[in-house]
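As stored in entry_8.cif (mmCIF, C-alpha atoms):
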```cif
data_entry
#
loop_
_atom_site.group_PDB
_atom_site.id
_atom_site.type_symbol
_atom_site.label_atom_id
_atom_site.label_comp_id
_atom_site.auth_asym_id
_atom_site.auth_seq_id
_atom_site.Cartn_x
_atom_site.Cartn_y
_atom_site.Cartn_z
ATOM 1 C CA MET A 1 0.768 -24.987 10.796
ATOM 2 C CA ARG A 2 2.472 -22.212 8.915
ATOM 3 C CA PHE A 3 1.243 -18.708 9.569
ATOM 4 C CA VAL A 4 -0.210 -16.922 6.573
ATOM 5 C CA SER A 5 -1.086 -13.245 6.941
ATOM 6 C CA SER A 6 -4.814 -12.964 7.508
ATOM 7 C CA PHE A 7 -5.465 -9.940 5.284
ATOM 8 C CA VAL A 8 -4.959 -12.142 2.230
ATOM 9 C CA SER A 9 -8.104 -14.080 2.964
ATOM 10 C CA GLU A 10 -8.046 -16.297 -0.133
ATOM 11 C CA VAL A 11 -4.618 -17.750 0.580
ATOM 12 C CA ALA A 12 -4.857 -20.938 2.635
ATOM 13 C CA ALA A 13 -2.254 -22.887 4.586
ATOM 14 C CA VAL A 14 -2.734 -26.673 4.467
ATOM 15 C CA GLY A 15 -0.073 -28.303 6.626
ATOM 16 C CA ASP A 16 3.173 -26.850 5.304
ATOM 17 C CA GLU A 17 1.607 -26.083 1.911
ATOM 18 C CA ILE A 18 0.387 -22.672 0.831
ATOM 19 C CA HIS A 19 -2.517 -22.671 -1.606
ATOM 20 C CA VAL A 20 -3.078 -19.548 -3.700
ATOM 21 C CA PRO A 21 -6.224 -19.531 -5.854
ATOM 22 C CA ILE A 22 -5.560 -17.935 -9.268
ATOM 23 C CA SER A 23 -8.315 -16.220 -11.239
ATOM 24 C CA SER A 24 -7.030 -12.710 -12.017
ATOM 25 C CA ASP A 25 -3.850 -10.759 -12.671
ATOM 26 C CA ALA A 26 -3.913 -9.570 -9.029
ATOM 27 C CA ASP A 27 -3.651 -13.214 -7.921
ATOM 28 C CA ILE A 28 -0.446 -13.568 -9.971
ATOM 29 C CA VAL A 29 1.098 -10.877 -7.743
ATOM 30 C CA ILE A 30 -0.135 -12.619 -4.560
ATOM 31 C CA ALA A 31 1.248 -15.985 -5.729
ATOM 32 C CA ARG A 32 4.713 -14.673 -6.474
ATOM 33 C CA GLN A 33 4.841 -12.679 -3.222
ATOM 34 C CA GLN A 34 3.819 -15.758 -1.213
ATOM 35 C CA GLY A 35 6.378 -17.845 -3.108
ATOM 36 C CA ARG A 36 9.131 -15.344 -2.528
ATOM 37 C CA ALA A 37 8.362 -15.143 1.211
ATOM 38 C CA LEU A 38 8.350 -18.956 1.529
ATOM 39 C CA ALA A 39 11.588 -19.224 -0.480
ATOM 40 C CA GLU A 40 13.211 -16.757 1.894
ATOM 41 C CA ARG A 41 12.113 -18.821 4.925
ATOM 42 C CA ILE A 42 13.530 -21.961 3.267
ATOM 43 C CA GLY A 43 16.913 -20.282 2.821
ATOM 44 C CA PHE A 44 16.981 -18.853 -0.700
ATOM 45 C CA ALA A 45 18.715 -15.486 -1.028
ATOM 46 C CA GLY A 46 19.561 -12.704 -3.474
ATOM 47 C CA GLY A 47 18.978 -13.290 -7.144
ATOM 48 C CA ASN A 48 17.429 -16.707 -6.566
ATOM 49 C CA LEU A 49 14.486 -15.099 -4.731
ATOM 50 C CA ALA A 50 13.787 -13.074 -7.876
ATOM 51 C CA VAL A 51 14.277 -16.221 -9.990
ATOM 52 C CA VAL A 52 11.692 -18.184 -7.971
ATOM 53 C CA ALA A 53 9.217 -15.266 -7.957
ATOM 54 C CA THR A 54 9.602 -14.807 -11.727
ATOM 55 C CA ALA A 55 9.023 -18.520 -12.445
ATOM 56 C CA ILE A 56 5.852 -18.456 -10.306
ATOM 57 C CA SER A 57 4.674 -15.360 -12.154
ATOM 58 C CA GLU A 58 5.093 -17.089 -15.528
ATOM 59 C CA VAL A 59 3.177 -20.262 -14.620
ATOM 60 C CA ALA A 60 0.452 -18.294 -12.790
ATOM 61 C CA ARG A 61 -0.074 -16.081 -15.825
ATOM 62 C CA ASN A 62 -0.332 -19.204 -17.938
ATOM 63 C CA ILE A 63 -3.306 -20.248 -15.791
ATOM 64 C CA VAL A 64 -5.045 -16.858 -16.140
ATOM 65 C CA GLU A 65 -4.467 -16.726 -19.907
ATOM 66 C CA TYR A 66 -5.432 -20.249 -20.875
ATOM 67 C CA ALA A 67 -7.541 -21.777 -18.094
ATOM 68 C CA LYS A 68 -8.995 -18.589 -16.488
ATOM 69 C CA ARG A 69 -8.732 -20.168 -13.031
ATOM 70 C CA GLY A 70 -6.662 -22.634 -11.087
ATOM 71 C CA GLU A 71 -4.276 -22.645 -8.157
ATOM 72 C CA ILE A 72 -0.631 -22.402 -7.200
ATOM 73 C CA VAL A 73 0.560 -24.697 -4.406
ATOM 74 C CA LEU A 74 3.843 -23.832 -2.702
ATOM 75 C CA LYS A 75 5.627 -26.350 -0.507
ATOM 76 C CA PRO A 76 9.048 -26.720 1.107
ATOM 77 C CA VAL A 77 10.895 -29.944 0.219
ATOM 78 C CA ASN A 78 13.731 -31.713 1.972
ATOM 79 C CA GLN A 79 15.446 -34.472 0.021
ATOM 80 C CA GLY A 80 18.507 -36.123 1.520
ATOM 81 C CA GLY A 81 19.288 -32.993 3.523
ATOM 82 C CA ARG A 82 18.818 -30.724 0.516
ATOM 83 C CA GLN A 83 16.339 -27.903 1.047
ATOM 84 C CA GLY A 84 14.175 -26.675 -1.756
ATOM 85 C CA LEU A 85 10.862 -25.285 -2.885
ATOM 86 C CA THR A 86 8.185 -27.050 -4.913
ATOM 87 C CA VAL A 87 5.781 -24.978 -6.978
ATOM 88 C CA MET A 88 2.738 -26.677 -8.431
ATOM 89 C CA ALA A 89 0.482 -24.832 -10.876
ATOM 90 C CA ARG A 90 -2.727 -26.671 -11.658
ATOM 91 C CA ASP A 91 -5.894 -25.919 -13.532
ATOM 92 C CA GLN A 92 -8.848 -27.672 -15.083
ATOM 93 C CA GLY A 93 -8.662 -25.638 -18.253
ATOM 94 C CA PRO A 94 -8.550 -26.720 -21.892
ATOM 95 C CA GLY A 95 -5.227 -28.517 -21.556
ATOM 96 C CA ILE A 96 -2.278 -28.366 -23.950
ATOM 97 C CA PRO A 97 -2.687 -30.424 -27.161
ATOM 98 C CA ASP A 98 1.015 -30.332 -28.061
ATOM 99 C CA ILE A 99 3.305 -29.990 -25.024
ATOM 100 C CA ALA A 100 6.502 -30.111 -27.100
ATOM 101 C CA LEU A 101 5.235 -27.142 -29.110
ATOM 102 C CA ALA A 102 4.141 -25.236 -25.982
ATOM 103 C CA MET A 103 7.610 -25.735 -24.493
ATOM 104 C CA GLN A 104 9.309 -24.199 -27.524
ATOM 105 C CA ASP A 105 10.797 -20.757 -27.039
ATOM 106 C CA GLY A 106 8.763 -18.069 -28.707
ATOM 107 C CA TYR A 107 5.626 -20.138 -29.001
ATOM 108 C CA SER A 108 2.513 -18.476 -27.615
ATOM 109 C CA THR A 109 -1.122 -18.330 -28.530
ATOM 110 C CA ALA A 110 -1.995 -15.631 -25.980
ATOM 111 C CA LYS A 111 -0.734 -12.181 -25.053
ATOM 112 C CA GLY A 112 2.559 -13.313 -23.529
ATOM 113 C CA LEU A 113 5.988 -13.408 -25.050
ATOM 114 C CA GLY A 114 6.020 -17.135 -25.501
ATOM 115 C CA LEU A 115 8.470 -17.259 -22.602
ATOM 116 C CA GLY A 116 5.952 -18.577 -20.072
ATOM 117 C CA LEU A 117 6.517 -22.314 -19.748
ATOM 118 C CA PRO A 118 9.966 -22.637 -21.360
ATOM 119 C CA GLY A 119 11.044 -19.571 -19.369
ATOM 120 C CA ALA A 120 9.889 -21.098 -16.093
ATOM 121 C CA ARG A 121 11.716 -24.316 -16.972
ATOM 122 C CA ARG A 122 14.943 -22.369 -17.513
ATOM 123 C CA LEU A 123 14.591 -20.646 -14.145
ATOM 124 C CA MET A 124 13.961 -23.776 -12.062
ATOM 125 C CA ASP A 125 16.056 -26.923 -11.434
ATOM 126 C CA GLU A 126 13.307 -29.454 -12.113
ATOM 127 C CA PHE A 127 10.255 -29.087 -14.304
ATOM 128 C CA GLU A 128 7.457 -31.482 -15.138
ATOM 129 C CA ILE A 129 4.257 -30.888 -17.049
ATOM 130 C CA ILE A 130 1.220 -33.126 -17.298
ATOM 131 C CA SER A 131 -1.685 -32.066 -19.455
ATOM 132 C CA LYS A 132 -4.790 -33.628 -20.837
ATOM 133 C CA VAL A 133 -6.953 -31.926 -23.447
ATOM 134 C CA GLY A 134 -10.290 -31.004 -21.919
ATOM 135 C CA ARG A 135 -9.116 -31.946 -18.410
ATOM 136 C CA GLY A 136 -6.432 -29.478 -17.457
ATOM 137 C CA THR A 137 -2.750 -28.945 -16.869
ATOM 138 C CA THR A 138 -0.430 -29.483 -13.899
ATOM 139 C CA VAL A 139 3.068 -28.015 -13.871
ATOM 140 C CA THR A 140 5.355 -29.131 -11.038
ATOM 141 C CA MET A 141 8.713 -27.450 -10.624
ATOM 142 C CA LYS A 142 11.460 -27.445 -8.002
ATOM 143 C CA LYS A 143 14.331 -25.207 -7.077
ATOM 144 C CA TRP A 144 17.085 -26.241 -4.649
ATOM 145 C CA VAL A 145 18.913 -23.937 -2.260
ATOM 146 C CA ARG A 146 22.597 -23.876 -3.222
ATOM 147 C CA MET B 1 -2.142 0.693 -7.626
ATOM 148 C CA LEU B 2 -1.864 3.901 -9.613
ATOM 149 C CA VAL B 3 1.639 5.016 -10.556
ATOM 150 C CA PRO B 4 2.120 8.757 -9.884
ATOM 151 C CA ILE B 5 3.494 10.669 -12.870
ATOM 152 C CA LEU B 6 5.446 13.822 -12.066
ATOM 153 C CA LYS B 7 6.120 16.546 -14.618
ATOM 154 C CA GLN B 8 9.568 18.056 -14.281
ATOM 155 C CA ARG B 9 10.289 20.646 -16.972
ATOM 156 C CA ASP B 10 10.509 18.749 -20.282
ATOM 157 C CA PHE B 11 10.326 15.313 -18.681
ATOM 158 C CA LEU B 12 7.752 13.029 -17.113
ATOM 159 C CA ILE B 13 8.858 10.868 -14.190
ATOM 160 C CA ALA B 14 6.787 7.804 -13.284
ATOM 161 C CA THR B 15 7.913 6.238 -10.027
ATOM 162 C CA ILE B 16 6.481 2.786 -9.355
ATOM 163 C CA GLN B 17 5.532 2.592 -5.648
ATOM 164 C CA SER B 18 4.664 -1.071 -5.149
ATOM 165 C CA ALA B 19 4.131 -4.373 -6.952
ATOM 166 C CA LEU B 20 2.032 -3.848 -10.089
ATOM 167 C CA THR B 21 -0.568 -6.093 -11.660
ATOM 168 C CA ASP B 22 -0.716 -6.586 -15.432
ATOM 169 C CA ASP B 23 -3.584 -4.083 -15.626
ATOM 170 C CA ASP B 24 -1.603 -1.493 -13.624
ATOM 171 C CA LEU B 25 1.265 -1.835 -16.097
ATOM 172 C CA LEU B 26 -1.024 -1.410 -19.119
ATOM 173 C CA GLN B 27 -2.591 1.637 -17.428
ATOM 174 C CA LEU B 28 0.866 3.163 -16.883
ATOM 175 C CA ARG B 29 1.737 2.575 -20.550
ATOM 176 C CA ASP B 30 -1.446 4.299 -21.757
ATOM 177 C CA ASP B 31 -1.210 7.153 -19.200
ATOM 178 C CA LEU B 32 2.341 7.995 -20.247
ATOM 179 C CA ALA B 33 1.564 7.877 -23.965
ATOM 180 C CA GLU B 34 -1.306 10.313 -23.334
ATOM 181 C CA ARG B 35 0.552 12.614 -20.906
ATOM 182 C CA VAL B 36 3.516 13.018 -23.280
ATOM 183 C CA GLY B 37 1.177 14.889 -25.609
ATOM 184 C CA ARG B 38 -0.704 16.838 -22.960
ATOM 185 C CA CYS B 39 2.498 17.992 -21.222
ATOM 186 C CA ARG B 40 4.488 18.300 -24.470
ATOM 187 C CA SER B 41 7.221 16.232 -22.822
ATOM 188 C CA ARG B 42 10.409 15.261 -24.593
ATOM 189 C CA GLY B 43 11.405 12.444 -22.306
ATOM 190 C CA VAL B 44 9.953 9.870 -19.920
ATOM 191 C CA ILE B 45 11.614 8.122 -16.995
ATOM 192 C CA VAL B 46 10.086 4.992 -15.480
ATOM 193 C CA ASP B 47 11.625 4.238 -12.091
ATOM 194 C CA VAL B 48 11.296 0.508 -11.294
ATOM 195 C CA THR B 49 13.521 0.529 -8.188
ATOM 196 C CA VAL B 50 10.857 -1.049 -5.935
ATOM 197 C CA LEU B 51 10.066 -3.931 -8.316
ATOM 198 C CA ASP B 52 11.467 -7.236 -7.045
ATOM 199 C CA VAL B 53 10.275 -9.122 -10.137
ATOM 200 C CA MET B 54 10.347 -8.337 -13.837
ATOM 201 C CA ASP B 55 8.575 -11.131 -15.671
ATOM 202 C CA SER B 56 7.976 -11.509 -19.409
ATOM 203 C CA PHE B 57 4.725 -9.519 -19.297
ATOM 204 C CA ALA B 58 6.324 -6.578 -17.457
ATOM 205 C CA ALA B 59 9.305 -6.520 -19.833
ATOM 206 C CA ARG B 60 7.016 -6.691 -22.858
ATOM 207 C CA THR B 61 4.806 -3.887 -21.538
ATOM 208 C CA LEU B 62 7.796 -1.628 -20.800
ATOM 209 C CA ARG B 63 9.064 -2.227 -24.346
ATOM 210 C CA ALA B 64 5.625 -1.341 -25.731
ATOM 211 C CA LEU B 65 5.505 1.741 -23.478
ATOM 212 C CA ALA B 66 8.872 2.983 -24.793
ATOM 213 C CA HIS B 67 7.792 2.262 -28.351
ATOM 214 C CA MET B 68 4.502 4.170 -27.986
ATOM 215 C CA VAL B 69 6.194 7.115 -26.258
ATOM 216 C CA GLY B 70 8.795 7.071 -29.056
ATOM 217 C CA LEU B 71 6.108 7.244 -31.712
ATOM 218 C CA ARG B 72 4.774 10.309 -29.874
ATOM 219 C CA GLY B 73 8.199 11.912 -30.250
ATOM 220 C CA ALA B 74 9.669 11.451 -26.779
ATOM 221 C CA ARG B 75 12.480 9.316 -25.313
ATOM 222 C CA THR B 76 12.080 6.721 -22.564
ATOM 223 C CA VAL B 77 14.630 5.611 -19.998
ATOM 224 C CA ILE B 78 13.976 2.780 -17.513
ATOM 225 C CA VAL B 79 15.874 3.296 -14.262
ATOM 226 C CA GLY B 80 16.468 1.320 -11.081
ATOM 227 C CA ILE B 81 16.489 -2.333 -12.197
ATOM 228 C CA GLN B 82 17.860 -4.113 -9.108
ATOM 229 C CA PRO B 83 20.793 -6.539 -9.439
ATOM 230 C CA GLU B 84 18.638 -9.505 -8.284
ATOM 231 C CA VAL B 85 15.995 -8.614 -10.878
ATOM 232 C CA ALA B 86 18.670 -8.267 -13.571
ATOM 233 C CA PHE B 87 19.986 -11.725 -12.612
ATOM 234 C CA ALA B 88 16.547 -13.320 -12.956
ATOM 235 C CA MET B 89 15.907 -11.530 -16.262
ATOM 236 C CA VAL B 90 19.147 -12.888 -17.688
ATOM 237 C CA GLN B 91 18.304 -16.420 -16.460
ATOM 238 C CA LEU B 92 14.904 -16.153 -18.111
ATOM 239 C CA GLY B 93 16.363 -14.736 -21.322
ATOM 240 C CA LEU B 94 14.451 -11.455 -21.085
ATOM 241 C CA THR B 95 15.668 -8.261 -22.684
ATOM 242 C CA LEU B 96 14.252 -4.774 -22.918
ATOM 243 C CA GLY B 97 15.252 -4.671 -26.568
ATOM 244 C CA ASP B 98 16.502 -1.249 -27.591
ATOM 245 C CA VAL B 99 14.914 0.515 -24.603
ATOM 246 C CA GLU B 100 17.488 2.645 -22.805
ATOM 247 C CA THR B 101 18.250 2.037 -19.138
ATOM 248 C CA ALA B 102 20.173 3.898 -16.460
ATOM 249 C CA LEU B 103 21.304 3.049 -12.941
ATOM 250 C CA ASP B 104 19.033 5.478 -11.103
ATOM 251 C CA LEU B 105 16.897 8.599 -11.463
ATOM 252 C CA GLU B 106 19.894 10.933 -11.473
ATOM 253 C CA GLU B 107 21.649 9.033 -14.260
ATOM 254 C CA GLY B 108 18.365 8.717 -16.132
ATOM 255 C CA ILE B 109 17.769 12.474 -16.156
ATOM 256 C CA GLU B 110 21.334 13.064 -17.314
ATOM 257 C CA LEU B 111 20.891 10.564 -20.141
ATOM 258 C CA LEU B 112 17.592 12.133 -21.229
ATOM 259 C CA GLN B 113 19.120 15.611 -21.193
ATOM 260 C CA LYS B 114 21.907 14.392 -23.443
ATOM 261 C CA ARG B 115 19.501 12.637 -25.800
ATOM 262 C CA THR B 116 16.988 15.453 -26.125
ATOM 263 C CA LYS B 117 19.693 18.073 -26.541
ATOM 264 C CA ARG B 118 21.233 16.114 -29.395
ATOM 265 C CA SER B 119 17.894 15.736 -31.187
ATOM 266 C CA ALA B 120 17.222 19.479 -30.680
ATOM 267 C CA HIS B 121 20.452 20.282 -32.483
ATOM 268 C CA ARG B 122 19.595 17.877 -35.245
ATOM 269 C CA GLY B 123 16.160 19.454 -35.571
ATOM 270 C CA GLY B 124 17.429 23.057 -35.442
#
```
Go ahead and express the file in the form of structure tokens.
Amino acid sequence: MRFVSSFVSEVAAVGDEIHVPISSDADIVIARQQGRALAERIGFAGGNLAVVATAISEVARNIVEYAKRGEIVLKPVNQGGRQGLTVMARDQGPGIPDIALAMQDGYSTAKGLGLGLPGARRLMDEFEIISKVGRGTTVTMKKWVR
Amino acid sequence: MLVPILKQRDFLIATIQSALTDDDLLQLRDDLAERVGRCRSRGVIVDVTVLDVMDSFAARTLRALAHMVGLRGARTVIVGIQPEVAFAMVQLGLTLGDVETALDLEEGIELLQKRTKRSAHRGG
């Protein structure tokens, strides 16, 4: 069981996963701080810690803007000796009617820059998005330690 | 987390002390736009040295801050962007547009002094 500081009462450790509930802009900060700390434990360093934290910030804000609430799940991965971090952002919000359009640079219907999802994809090594209108959206992305 | 704003002669210096939420950033933008008038300041420095992340919302809000302060007749300089943060911003494709930046507070003050002196000459 991974230790998660107790003063952040909403954050829960489930096995080696860290679950961060997202429902406000303050939760975006908690999610990226938790992600950065986990990335550091996994072996990320320097600019890549900022890269991971920024990607988490973008997908977490996407939840707050479009779905109001959801969660970020952070998990270490080990694939054939490669260490990495998986970030899953999921919500049960309105869903994305046109994913190709949402992934275009500069496209945004909310207050962002339109860099949210395409920006996060640029920052990470792997990026997958599943969305169903009326059911919600799940973004799964991975970054490998180099 | 409120960002303290220090008045130093003609300039206002806002030094970010810890991670900021979106609302904190918007508050800082509005506070500075208001204080520029109240203090009759000619320049604003926002010190982001402690920030370990600059995402698209933060960059957008800093651009808006500089734009609003500019419309009120003062100059803005962002100082202290860390190399790791700069790396992530470049990866993400984020820019601060035409907002001026400097390495640290010292360089920022020097830059503002140069800028405001030049505009004083132009005005006089």
Explicit residue set for the PyMOL selection byres ((chain B) within 12 of (chain A)), as an NGL selection string
:B and (1 or 18-26 or 51-61 or 63 or 81-95)
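Interatomic distance, atom CA of A:Thr138 against atom CA of A:Val87: 10.3 Å.
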Can you turn the PyMOL selection byres ((chain A and resi 133) around 10) into a concrete residue list for this file, as a VMD selection string?
chain A and resid 92 to 98 131 to 132 134 to 137
Around all the atoms of stretch 54-59 of chain A listed in the file, draw an axis-aligned box and extend it by 6 Å on each of the six sides; I want its centre and edge lengths in Å to one decimal, as lines of an AutoDock Vina configuration file.
```
center_x = 6.4
center_y = -17.5
center_z = -12.9
size_x = 18.4
size_y = 17.5
size_z = 17.2
```
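When the PyMOL selection byres ((chain B and resi 49) around 8) is evaluated on the file shown here, the picked residues come out as Ile16, Asp47, Val48, Val50, Leu51, Val79, Gly80, Ile81, Gln82 and Asp104 of chain B.
Separating atom CA of A:Gly15 from atom CA of A:Glu126 is a distance of 23.1 Å.
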Could you pull the residues within 8 Å of A:Ile42, counting all atoms listed in the file, minus those fewer than 4 positions along the same chain, as a ChimeraX atom specification?
/A:38,76,83-85,145
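A straight line drawn from atom CA of A:Gln104 to atom CA of A:Phe127 is 14.1 Å long.
Residues in contact with A:Glu71 at up to 6 Å, not including ones fewer than 5 positions away on its chain and judged by only C-alpha atoms, are Val20, Pro21, Ile22, Ala89 and Arg90 of chain A.
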Write out as a list in words the residues lying within 12 Å of B:Arg35, counting all atoms listed in the file and excluding same-chain residues fewer than 4 positions away.
Pro4, Ile5, Leu6, Lys7, Asp10, Phe11, Leu12, Ile13, Ala14, Gln27, Leu28, Arg29, Asp30, Asp31, Cys39, Arg40, Ser41, Arg42, Gly43, Val44, Met68, Val69, Arg72 and Ala74 of chain B
Limited to C-alpha atoms, could you put the picked residues into a file as a CSV table (one decimal), in the frame of the given file?
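As written to disk, result.csv reads:
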```csv
chain,number,residue,atom,x,y,z
B,4,PRO,CA,2.1,8.8,-9.9
B,5,ILE,CA,3.5,10.7,-12.9
B,6,LEU,CA,5.4,13.8,-12.1
B,7,LYS,CA,6.1,16.5,-14.6
B,10,ASP,CA,10.5,18.7,-20.3
B,11,PHE,CA,10.3,15.3,-18.7
B,12,LEU,CA,7.8,13.0,-17.1
B,13,ILE,CA,8.9,10.9,-14.2
B,14,ALA,CA,6.8,7.8,-13.3
B,27,GLN,CA,-2.6,1.6,-17.4
B,28,LEU,CA,0.9,3.2,-16.9
B,29,ARG,CA,1.7,2.6,-20.6
B,30,ASP,CA,-1.4,4.3,-21.8
B,31,ASP,CA,-1.2,7.2,-19.2
B,39,CYS,CA,2.5,18.0,-21.2
B,40,ARG,CA,4.5,18.3,-24.5
B,41,SER,CA,7.2,16.2,-22.8
B,42,ARG,CA,10.4,15.3,-24.6
B,43,GLY,CA,11.4,12.4,-22.3
B,44,VAL,CA,10.0,9.9,-19.9
B,68,MET,CA,4.5,4.2,-28.0
B,69,VAL,CA,6.2,7.1,-26.3
B,72,ARG,CA,4.8,10.3,-29.9
B,74,ALA,CA,9.7,11.5,-26.8
```
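Candidate residues A:Lys142, A:Val11, A:Leu101, A:Val59 were compared for distance to A:Gln79, and the nearest is A:Lys142, using all atoms listed in the file.
The residue set within 6 Å of B:Ile45, counting only C-alpha atoms and dropping same-chain residues fewer than 4 places from it, reads Ile13, Thr76, Val77 and Ile78 of chain B.
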Residues within 6 Å of A:Met88, please, as a tab-separated table (two decimals) with C-alpha atoms, in the frame of the given file. Count all atoms listed in the file; anything in the same chain fewer than 2 positions from it doesn't count.
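The resulting file, part.tsv, is reproduced below:
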```tsv
chain	number	residue	atom	x	y	z
A	72	ILE	CA	-0.63	-22.40	-7.20
A	73	VAL	CA	0.56	-24.70	-4.41
A	139	VAL	CA	3.07	-28.02	-13.87
A	140	THR	CA	5.36	-29.13	-11.04
```
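Counting only C-alpha atoms and comparing A:Arg82, A:Arg146, A:Lys75, A:Lys68, the residue that lies closest to A:Glu17 is A:Lys75.
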May I ask which of the residues A:Leu74, A:Ala37, A:Leu117, A:Ala60 is the closest one to A:Asp91, counting all atoms listed in the file?
A:Ala60
